[in-house]
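Listing of query02.txt, compact mmCIF, C-alpha atoms
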# COMPACT_ATOMS: atom_id res chain seq x y z
CA MET C 1 -12.90 27.81 13.78
CA LYS C 2 -9.49 29.45 13.51
CA THR C 3 -9.52 33.04 14.82
CA ALA C 4 -8.59 35.62 12.20
CA LYS C 5 -5.65 37.87 13.08
CA ILE C 6 -5.32 41.43 11.81
CA LEU C 7 -2.10 43.41 11.94
CA ILE C 8 -2.62 47.13 12.56
CA VAL C 9 0.43 49.27 11.81
CA ASP C 10 0.73 52.93 12.80
CA ASP C 11 3.47 54.96 14.41
CA ARG C 12 0.93 56.78 16.59
CA PRO C 13 -0.48 54.72 19.50
CA GLU C 14 -3.68 56.80 19.60
CA ASN C 15 -4.47 55.72 16.03
CA LEU C 16 -3.99 52.11 17.03
CA LEU C 17 -6.36 52.59 19.96
CA THR C 18 -8.94 54.09 17.62
CA LEU C 19 -8.69 51.09 15.26
CA GLU C 20 -8.98 48.66 18.15
CA GLY C 21 -12.13 50.39 19.37
CA LEU C 22 -13.74 50.42 15.93
CA LEU C 23 -12.91 46.75 15.27
CA ASP C 24 -13.92 45.55 18.72
CA GLU C 25 -17.12 43.85 17.53
CA LEU C 26 -15.42 41.76 14.83
CA PRO C 27 -14.36 38.18 15.77
CA VAL C 28 -10.67 38.94 15.29
CA LYS C 29 -7.41 39.14 17.20
CA LEU C 30 -5.53 42.40 16.69
CA ILE C 31 -1.74 42.56 16.66
CA ARG C 32 -0.03 45.97 16.99
CA ALA C 33 3.06 47.31 15.28
CA LEU C 34 4.46 50.86 15.69
CA THR C 35 7.09 50.64 12.94
CA GLY C 36 7.62 49.01 9.60
CA GLU C 37 10.29 46.75 11.08
CA GLU C 38 7.89 45.55 13.80
CA ALA C 39 5.25 44.93 11.17
CA LEU C 40 7.56 42.78 9.03
CA ALA C 41 8.69 40.79 12.06
CA ALA C 42 5.05 40.17 13.03
CA THR C 43 4.15 38.86 9.56
CA LEU C 44 6.79 36.16 9.98
CA ASP C 45 5.38 35.07 13.35
CA HIS C 46 1.64 35.12 12.56
CA ASP C 47 -0.78 34.10 9.84
CA PHE C 48 -2.72 37.30 9.18
CA ALA C 49 -6.06 37.66 7.49
CA LEU C 50 -5.32 41.34 6.76
CA VAL C 51 -2.82 44.13 7.38
CA LEU C 52 -4.08 47.67 8.02
CA LEU C 53 -0.95 49.62 7.14
CA ASP C 54 -0.36 53.32 7.72
CA VAL C 55 1.32 54.95 4.74
CA GLN C 56 3.13 57.84 6.42
CA MET C 57 5.55 56.50 9.02
CA PRO C 58 9.02 57.68 9.99
CA GLY C 59 11.87 55.53 8.78
CA MET C 60 10.30 52.70 6.76
CA ASP C 61 6.99 53.90 5.33
CA GLY C 62 3.99 51.80 4.33
CA TYR C 63 5.04 51.49 0.67
CA GLU C 64 8.38 49.95 1.63
CA VAL C 65 6.71 47.54 4.06
CA ALA C 66 4.24 46.44 1.37
CA GLU C 67 6.97 45.94 -1.22
CA LEU C 68 9.04 43.86 1.19
CA MET C 69 6.01 41.75 2.07
CA ARG C 70 5.34 41.10 -1.61
CA GLY C 71 8.95 39.97 -2.03
CA ASN C 72 8.63 37.30 0.65
CA LYS C 73 7.06 33.94 -0.23
CA LYS C 74 5.49 33.64 3.24
CA THR C 75 3.85 37.08 3.25
CA ARG C 76 3.20 37.92 -0.40
CA HIS C 77 -0.42 36.75 -0.28
CA ILE C 78 -1.47 38.67 2.86
CA PRO C 79 -4.01 41.37 1.86
CA ILE C 80 -2.95 44.95 2.65
CA ILE C 81 -5.25 47.94 3.10
CA PHE C 82 -3.39 51.23 3.22
CA VAL C 83 -4.52 53.72 5.85
CA THR C 84 -3.78 57.37 5.05
CA ALA C 85 -4.92 60.85 5.97
CA THR C 86 -4.07 62.24 2.52
CA LEU C 87 -5.87 60.43 -0.26
CA ASN C 88 -5.97 63.12 -2.91
CA ALA C 89 -3.12 62.38 -5.29
CA GLU C 90 -3.72 59.91 -8.11
CA ALA C 91 -0.02 59.06 -8.30
CA GLN C 92 -0.08 58.21 -4.58
CA ILE C 93 -2.98 55.83 -5.06
CA PHE C 94 -1.31 54.10 -8.01
CA ARG C 95 1.90 53.72 -6.07
CA GLY C 96 -0.05 52.04 -3.27
CA TYR C 97 -1.59 49.49 -5.61
CA GLU C 98 1.77 48.87 -7.29
CA SER C 99 3.25 48.20 -3.85
CA GLY C 100 0.67 45.49 -3.24
CA ALA C 101 -2.29 47.17 -1.56
CA VAL C 102 -5.77 45.83 -2.29
CA ASP C 103 -7.61 48.90 -0.99
CA TYR C 104 -7.36 52.26 0.80
CA LEU C 105 -8.97 53.60 3.97
CA ALA C 106 -9.02 57.31 4.67
CA LYS C 107 -8.63 58.95 8.06
CA PRO C 108 -10.70 59.82 9.98
CA PHE C 109 -12.36 56.41 9.73
CA ASN C 110 -15.95 55.82 8.82
CA PRO C 111 -16.85 52.96 11.21
CA MET C 112 -19.33 51.40 8.79
CA VAL C 113 -16.87 51.48 5.87
CA LEU C 114 -14.02 50.22 8.03
CA ASN C 115 -15.96 47.27 9.44
CA SER C 116 -17.44 46.43 6.05
CA LYS C 117 -14.07 46.30 4.29
CA VAL C 118 -12.30 44.48 7.10
CA GLY C 119 -15.22 42.06 7.48
CA VAL C 120 -14.84 40.93 3.87
CA PHE C 121 -11.25 39.83 4.45
CA VAL C 122 -12.09 38.21 7.79
CA GLU C 123 -14.78 36.18 6.06
CA LEU C 124 -12.38 35.23 3.25
CA PHE C 125 -9.81 34.12 5.83
CA GLN C 126 -12.37 31.99 7.66
CA HIS C 127 -13.48 30.35 4.41
CA LYS C 128 -9.85 29.65 3.57
CA ALA C 129 -9.21 28.21 7.04
CA ALA C 130 -12.31 26.02 6.78
CA LEU C 131 -11.17 24.79 3.38
CA GLU C 132 -7.72 23.99 4.75
CA GLU C 133 -9.27 22.05 7.62
CA LYS C 134 -11.45 20.09 5.20
CA THR C 135 -8.42 19.44 3.00
CA ILE C 136 -6.45 18.14 5.99
CA GLU C 137 -9.42 15.98 7.00
CA PHE C 138 -9.78 14.74 3.43
CA ASP C 139 -6.08 13.87 3.27
CA ARG C 140 -6.37 12.04 6.59
CA LYS C 141 -9.39 10.10 5.35
CA LEU C 142 -7.54 9.35 2.12
CA VAL C 143 -4.58 7.97 4.07
CA GLU C 144 -6.97 5.88 6.18
CA LEU C 145 -8.67 4.65 3.02
CA GLU C 146 -5.34 3.71 1.46
CA GLU C 147 -4.37 1.88 4.66
CA LEU C 148 -7.69 0.02 4.66
CA GLN C 149 -7.21 -0.80 0.98
CA GLN C 150 -3.76 -2.17 1.76
CA GLN C 151 -5.15 -4.21 4.65
CA LEU C 152 -7.93 -5.50 2.39
CA GLU C 153 -5.44 -6.53 -0.28
CA GLU C 154 -3.27 -8.26 2.30
CA THR C 155 -6.31 -10.01 3.75
CA ASN C 156 -7.42 -11.11 0.29
CA GLU C 157 -3.92 -12.42 -0.41
CA GLN C 158 -3.98 -14.33 2.86
CA LEU C 159 -7.43 -15.74 2.09
CA LEU C 160 -6.29 -16.74 -1.38
CA LEU C 161 -3.22 -18.36 0.10
CA LEU C 162 -5.32 -20.21 2.65
CA SER C 163 -7.75 -21.36 -0.01
CA THR C 164 -5.03 -22.70 -2.32
CA THR C 165 -2.35 -24.06 0.01
CA ASP C 166 -2.06 -26.84 2.54
CA SER C 167 -1.74 -25.31 6.01
CA LEU C 168 0.78 -27.87 7.27
CA THR C 169 3.24 -28.13 4.37
CA GLY C 170 2.70 -24.89 2.47
CA LEU C 171 2.28 -26.84 -0.77
CA TYR C 172 -0.75 -26.48 -3.02
CA ASN C 173 -3.85 -28.23 -1.68
CA ARG C 174 -6.15 -30.64 -3.52
CA ARG C 175 -8.48 -27.87 -4.69
CA GLN C 176 -5.64 -25.89 -6.28
CA PHE C 177 -4.15 -29.08 -7.66
CA ASP C 178 -7.37 -29.84 -9.55
CA GLU C 179 -7.37 -26.31 -11.03
CA LEU C 180 -3.72 -26.59 -12.06
CA CYS C 181 -4.39 -29.98 -13.66
CA SER C 182 -7.25 -28.57 -15.70
CA ALA C 183 -5.25 -25.53 -16.84
CA GLU C 184 -2.15 -27.53 -17.79
CA TRP C 185 -4.24 -30.18 -19.55
CA ASN C 186 -5.91 -27.57 -21.75
CA ARG C 187 -2.61 -25.82 -22.48
CA CYS C 188 -0.80 -29.02 -23.44
CA GLN C 189 -3.76 -30.11 -25.56
CA ARG C 190 -3.67 -26.81 -27.49
CA ASN C 191 0.07 -27.12 -28.08
CA ASN C 192 0.11 -30.91 -28.59
CA HIS C 193 2.66 -31.26 -25.78
CA PRO C 194 2.96 -34.16 -23.34
CA LEU C 195 1.75 -33.84 -19.77
CA SER C 196 3.17 -36.08 -17.04
CA MET C 197 1.96 -36.81 -13.55
CA LEU C 198 3.73 -38.21 -10.48
CA ILE C 199 1.73 -39.66 -7.60
CA LEU C 200 3.92 -40.40 -4.59
CA ASP C 201 3.35 -41.76 -1.13
CA ILE C 202 5.47 -41.98 2.04
CA ASP C 203 6.11 -45.62 2.76
CA TYR C 204 4.67 -47.03 6.00
CA PHE C 205 3.64 -43.56 7.16
CA LYS C 206 0.84 -44.89 9.43
CA ILE C 207 3.38 -46.97 11.28
CA TYR C 208 5.68 -43.94 11.48
CA ASN C 209 2.88 -41.92 13.06
CA ASP C 210 1.98 -44.69 15.49
CA THR C 211 5.62 -45.18 16.49
CA TYR C 212 6.85 -41.60 16.86
CA GLY C 213 3.60 -39.70 17.42
CA HIS C 214 1.55 -37.25 15.35
CA ALA C 215 3.80 -34.27 16.10
CA ALA C 216 6.78 -36.14 14.66
CA GLY C 217 4.54 -37.20 11.77
CA ASP C 218 3.74 -33.57 11.01
CA ASP C 219 7.42 -32.68 11.13
CA CYS C 220 8.13 -35.55 8.78
CA LEU C 221 5.51 -34.34 6.30
CA LYS C 222 6.95 -30.81 6.37
CA THR C 223 10.50 -32.08 5.84
CA VAL C 224 9.48 -34.32 2.95
CA SER C 225 7.40 -31.51 1.40
CA SER C 226 10.34 -29.12 1.50
CA THR C 227 12.57 -31.74 -0.10
CA LEU C 228 10.05 -32.41 -2.86
CA ALA C 229 9.74 -28.71 -3.65
CA LYS C 230 13.53 -28.28 -3.82
CA SER C 231 13.80 -31.26 -6.18
CA LEU C 232 11.75 -29.54 -8.91
CA LEU C 233 13.99 -27.55 -11.23
CA ARG C 234 11.48 -25.85 -13.52
CA ASP C 235 9.08 -23.01 -12.69
CA ILE C 236 6.30 -24.67 -14.70
CA ASP C 237 6.34 -27.80 -12.50
CA ASN C 238 3.96 -27.86 -9.55
CA ILE C 239 3.57 -30.04 -6.49
CA ALA C 240 0.57 -30.52 -4.20
CA ARG C 241 -0.39 -32.47 -1.12
CA ILE C 242 -3.49 -34.37 -2.20
CA GLY C 243 -3.95 -36.62 0.83
CA GLY C 244 -2.57 -37.42 4.27
CA GLU C 245 0.86 -38.63 3.14
CA GLU C 246 0.16 -38.53 -0.59
CA PHE C 247 1.56 -35.95 -3.01
CA ALA C 248 1.23 -35.22 -6.71
CA VAL C 249 3.58 -33.50 -9.14
CA ILE C 250 2.43 -31.95 -12.43
CA LEU C 251 5.10 -31.90 -15.15
CA PRO C 252 3.98 -30.03 -18.30
CA ASN C 253 5.95 -30.60 -21.51
CA SER C 254 7.57 -33.73 -20.05
CA ASP C 255 7.32 -37.20 -21.61
CA LEU C 256 7.34 -40.46 -19.68
CA LYS C 257 11.11 -40.84 -19.76
CA GLY C 258 11.74 -37.30 -18.52
CA ALA C 259 9.11 -37.65 -15.82
CA GLY C 260 10.74 -40.91 -14.72
CA LEU C 261 14.07 -39.12 -14.26
CA VAL C 262 12.38 -36.43 -12.13
CA ALA C 263 10.67 -39.12 -10.05
CA GLU C 264 13.97 -40.91 -9.42
CA ARG C 265 15.63 -37.64 -8.41
CA ILE C 266 12.83 -36.98 -5.92
CA ARG C 267 13.00 -40.51 -4.51
CA GLU C 268 16.77 -40.26 -4.01
CA ALA C 269 16.44 -36.82 -2.35
CA VAL C 270 13.99 -38.18 0.23
CA ALA C 271 16.10 -41.28 0.84
CA ALA C 272 19.13 -39.01 1.38
CA LEU C 273 17.35 -37.41 4.34
CA LYS C 274 17.93 -40.66 6.26
CA LEU C 275 14.95 -40.05 8.52
CA GLN C 276 14.77 -42.88 11.05
CA HIS C 277 11.90 -45.31 10.52
CA SER C 278 11.34 -48.44 12.62
CA GLN C 279 9.78 -50.33 9.71
CA SER C 280 12.51 -49.87 7.11
CA THR C 281 15.51 -48.36 8.89
CA THR C 282 15.07 -45.02 7.05
CA LEU C 283 12.02 -43.26 5.63
CA THR C 284 11.37 -43.74 1.88
CA ILE C 285 8.76 -42.92 -0.73
CA SER C 286 7.18 -44.78 -3.64
CA ILE C 287 6.24 -43.01 -6.89
CA GLY C 288 3.93 -43.78 -9.77
CA VAL C 289 4.60 -42.03 -13.09
CA ALA C 290 2.24 -41.56 -16.05
CA SER C 291 2.35 -39.41 -19.18
CA VAL C 292 0.05 -38.58 -22.08
CA ILE C 293 -0.38 -36.12 -24.92
CA PRO C 294 -3.83 -34.70 -24.09
CA ASP C 295 -6.55 -35.03 -26.73
CA ASN C 296 -10.28 -35.64 -26.89
CA ASN C 297 -9.81 -39.40 -26.45
CA ASN C 298 -8.32 -39.18 -22.97
CA SER C 299 -8.72 -37.13 -19.81
CA ILE C 300 -6.91 -35.85 -16.76
CA LYS C 301 -8.84 -38.38 -14.70
CA GLN C 302 -7.36 -41.20 -16.76
CA LEU C 303 -3.86 -39.74 -16.36
CA LEU C 304 -4.26 -39.60 -12.57
CA SER C 305 -5.63 -43.14 -12.51
CA ALA C 306 -2.67 -44.42 -14.52
CA ALA C 307 -0.17 -42.71 -12.17
CA ASP C 308 -2.06 -44.04 -9.16
CA LYS C 309 -1.95 -47.61 -10.50
CA ALA C 310 1.78 -47.24 -11.12
CA LEU C 311 2.17 -46.14 -7.50
CA TYR C 312 0.41 -49.29 -6.28
CA THR C 313 2.69 -51.35 -8.49
CA ALA C 314 5.69 -49.69 -6.83
CA LYS C 315 4.23 -50.57 -3.43
CA GLU C 316 3.63 -54.18 -4.46
CA GLN C 317 7.18 -54.51 -5.76
CA GLY C 318 8.69 -53.58 -2.40
CA ARG C 319 8.36 -49.80 -2.06
CA ASN C 320 11.14 -47.18 -2.26
CA ARG C 321 10.99 -47.21 -6.03
CA CYS C 322 9.50 -45.51 -9.09
CA CYS C 323 7.19 -47.30 -11.51
CA LEU C 324 6.19 -46.02 -14.95
CA ALA C 325 2.70 -46.54 -16.34
CA GLN C 326 3.29 -48.10 -19.76
CA ASP C 327 -0.34 -47.88 -20.91

Structure encoded using structure tokens:
Amino acid sequence: MKTAKILIVDDRPENLLTLEGLLDELPVKLIRALTGEEALAATLDHDFALVLLDVQMPGMDGYEVAELMRGNKKTRHIPIIFVTATLNAEAQIFRGYESGAVDYLAKPFNPMVLNSKVGVFVELFQHKAALEEKTIEFDRKLVELEELQQQLEETNEQLLLLSTTDSLTGLYNRRQFDELCSAEWNRCQRNNHPLSMLILDIDYFKIYNDTYGHAAGDDCLKTVSSTLAKSLLRDIDNIARIGGEEFAVILPNSDLKGAGLVAERIREAVAALKLQHSQSTTLTISIGVASVIPDNNNSIKQLLSAADKALYTAKEQGRNRCCLAQD
């Protein structure tokens, strides 16, 4: 617990000694001042629970000290008890309260009265100090809680990212792809808009892996994935890795012709990479394209199947090409 400090101000050292003796049993630290100037300087250096201020002092008297304390933001809230040997004029008492005093003590001191009055302010100071400590602790806990909340949000974002993306390529994974398909299917069905699907596959990728190794295969997948993502021009289009070397592109509001143009742009972008491949000189992809206006007579499963069949047609026709599903 923070020790309460009391400033005792009197121009006579014997009076200060008397106060120190009478207050000896209280759990306080006493600071002396023999003049008003010393008292004001002390209030700037210490946090006082109370000031016992003599009224009659040469030079700057107690009233002036009190008024100056009340004019300072740092000291205006420090309680002041005036100490005086002459407490018989009503005007004097009123002047003391107007100067900022909260009470008066008459000399010679009554030990019981002195300790009782001073004890009240010591107790108030200790309660205030305890409250400040609890406030600081509360603020610290609040900061810790905010930091934990931030960490939790970041962790949740990371978990969400891990649950929806492919760890190797950074594209959406099969789980997220299925959710996107369902959402886009329902939206296009409500708006009577076409929905197109591209299913694409890296040609001879097993041979590529066997020839150059799995590390090179992973690098190849990442390079192709980045190229695919850069080839999509609209924010509403989405791409996912749905198998080892197989990818899918969802194209809302695109008909078969438009989807075919996107597929050809993607195929050309991958071919332009000119990645070495022992089987076909450079690495290429094949793409199957399908499109439908969703209604109750068809399904996303049928759309995927049509795009997949078109992909196999592209493979059968020699690879490195796009085939459109006409049915």

Neighbour list for C:Val83 as an NGL selection string, cut-off 6 Å, only C-alpha atoms, skip fewer than 6 positions in-chain
:C and (53-54 or 104-106)

For C:Tyr212, please output as a PyMOL selection string all residues within 12 Å (counting only C-alpha atoms; exclusion window: fewer than 6 positions along the same chain).
chain C and resi 205-206+218-220+275-279

Figure out the distance between atom CA of C:Asp201 and atom CA of C:Gln317, please, to one decimal in Å.
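Pair atom CA of C:Gln317 / atom CA of C:Asp201 returns 14.1 Å.
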
Using all atoms listed in the file, find each residue of stretch 89-143 of chain C with at least one atom at most 9 Å away from an atom of stretch 18-24 of chain C; report its shortest atom-to-atom pair and that distance in Å (one decimal), sort the rows by chain and rising residue number, and return the result as CSV.
residue,atom,partner,partner_atom,distance
C:Phe109,CA,C:Leu19,CA,8.5
C:Pro111,CA,C:Leu22,CA,6.2
C:Leu114,CA,C:Leu22,CA,7.9
C:Asn115,CA,C:Leu23,CA,6.6
C:Val118,CA,C:Leu23,CA,8.5

Go through C:Asn186, C:Ser163, C:Asp203, C:Leu324 and flag the residue nearest C:Asn298, using all atoms listed in the file for the distances.
C:Asn186

I'd like the neighbourhood of stretch 291-296 of chain C as a PyMOL selection string, where a residue qualifies if any of its atoms comes within 9 Å (using only C-alpha atoms), though same-chain residues fewer than 6 positions away should be ignored.
chain C and resi 185-186+188-190+192-198+251+254-257+259+303+306-307+324-326

For C:Ala183, which residue out of C:Leu283, C:Leu131, C:Ile250, C:Leu142 is the nearest one, using all atoms listed in the file?
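Checking each candidate against C:Ala183, we get C:Ile250 as the closest.
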
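Separating atom CA of C:Lys141 from atom CA of C:Gln126 is a distance of 22.2 Å.
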
Quick check, in Å to one decimal: how far apart do atom CA of C:Leu180 and atom CA of C:Val270 lie?
24.5 Å

Pick from C:Leu50, C:Ile266, C:Ala314, C:Val55 nearest to C:Ile78, counting only C-alpha atoms:
C:Leu50

Just the residues within 12 Å of C:Ala129, please, counting all atoms listed in the file, with nothing from its chain fewer than 6 positions along; format it as a PyMOL selection string.
chain C and resi 1-5+47-49+122-123+135-136

Which residues, written as a list in words, have at least one atom at most 9 Å from C:Asp237, with only C-alpha atoms counted and residues fewer than 3 positions away on the same chain left out?
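Listed by chain and then number, they are Leu232, Leu233, Arg234, Val249, Ile250, Leu251 and Pro252 of chain C.
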
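Compared by their closest atoms to C:Ala41, and using only C-alpha atoms, the residues C:Leu17, C:Ala310, C:Glu184, C:Lys74 rank with C:Lys74 nearest.
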
If you count all atoms listed in the file, the residue of C:Leu68, C:Met57, C:Val143, C:Leu171 closest to C:Lys230 turns out to be C:Leu171

Using only C-alpha atoms for the distances, tell me which of C:Asn238, C:Asn297, C:Thr284, C:Gln158 is nearest to C:Cys181.
C:Asn238
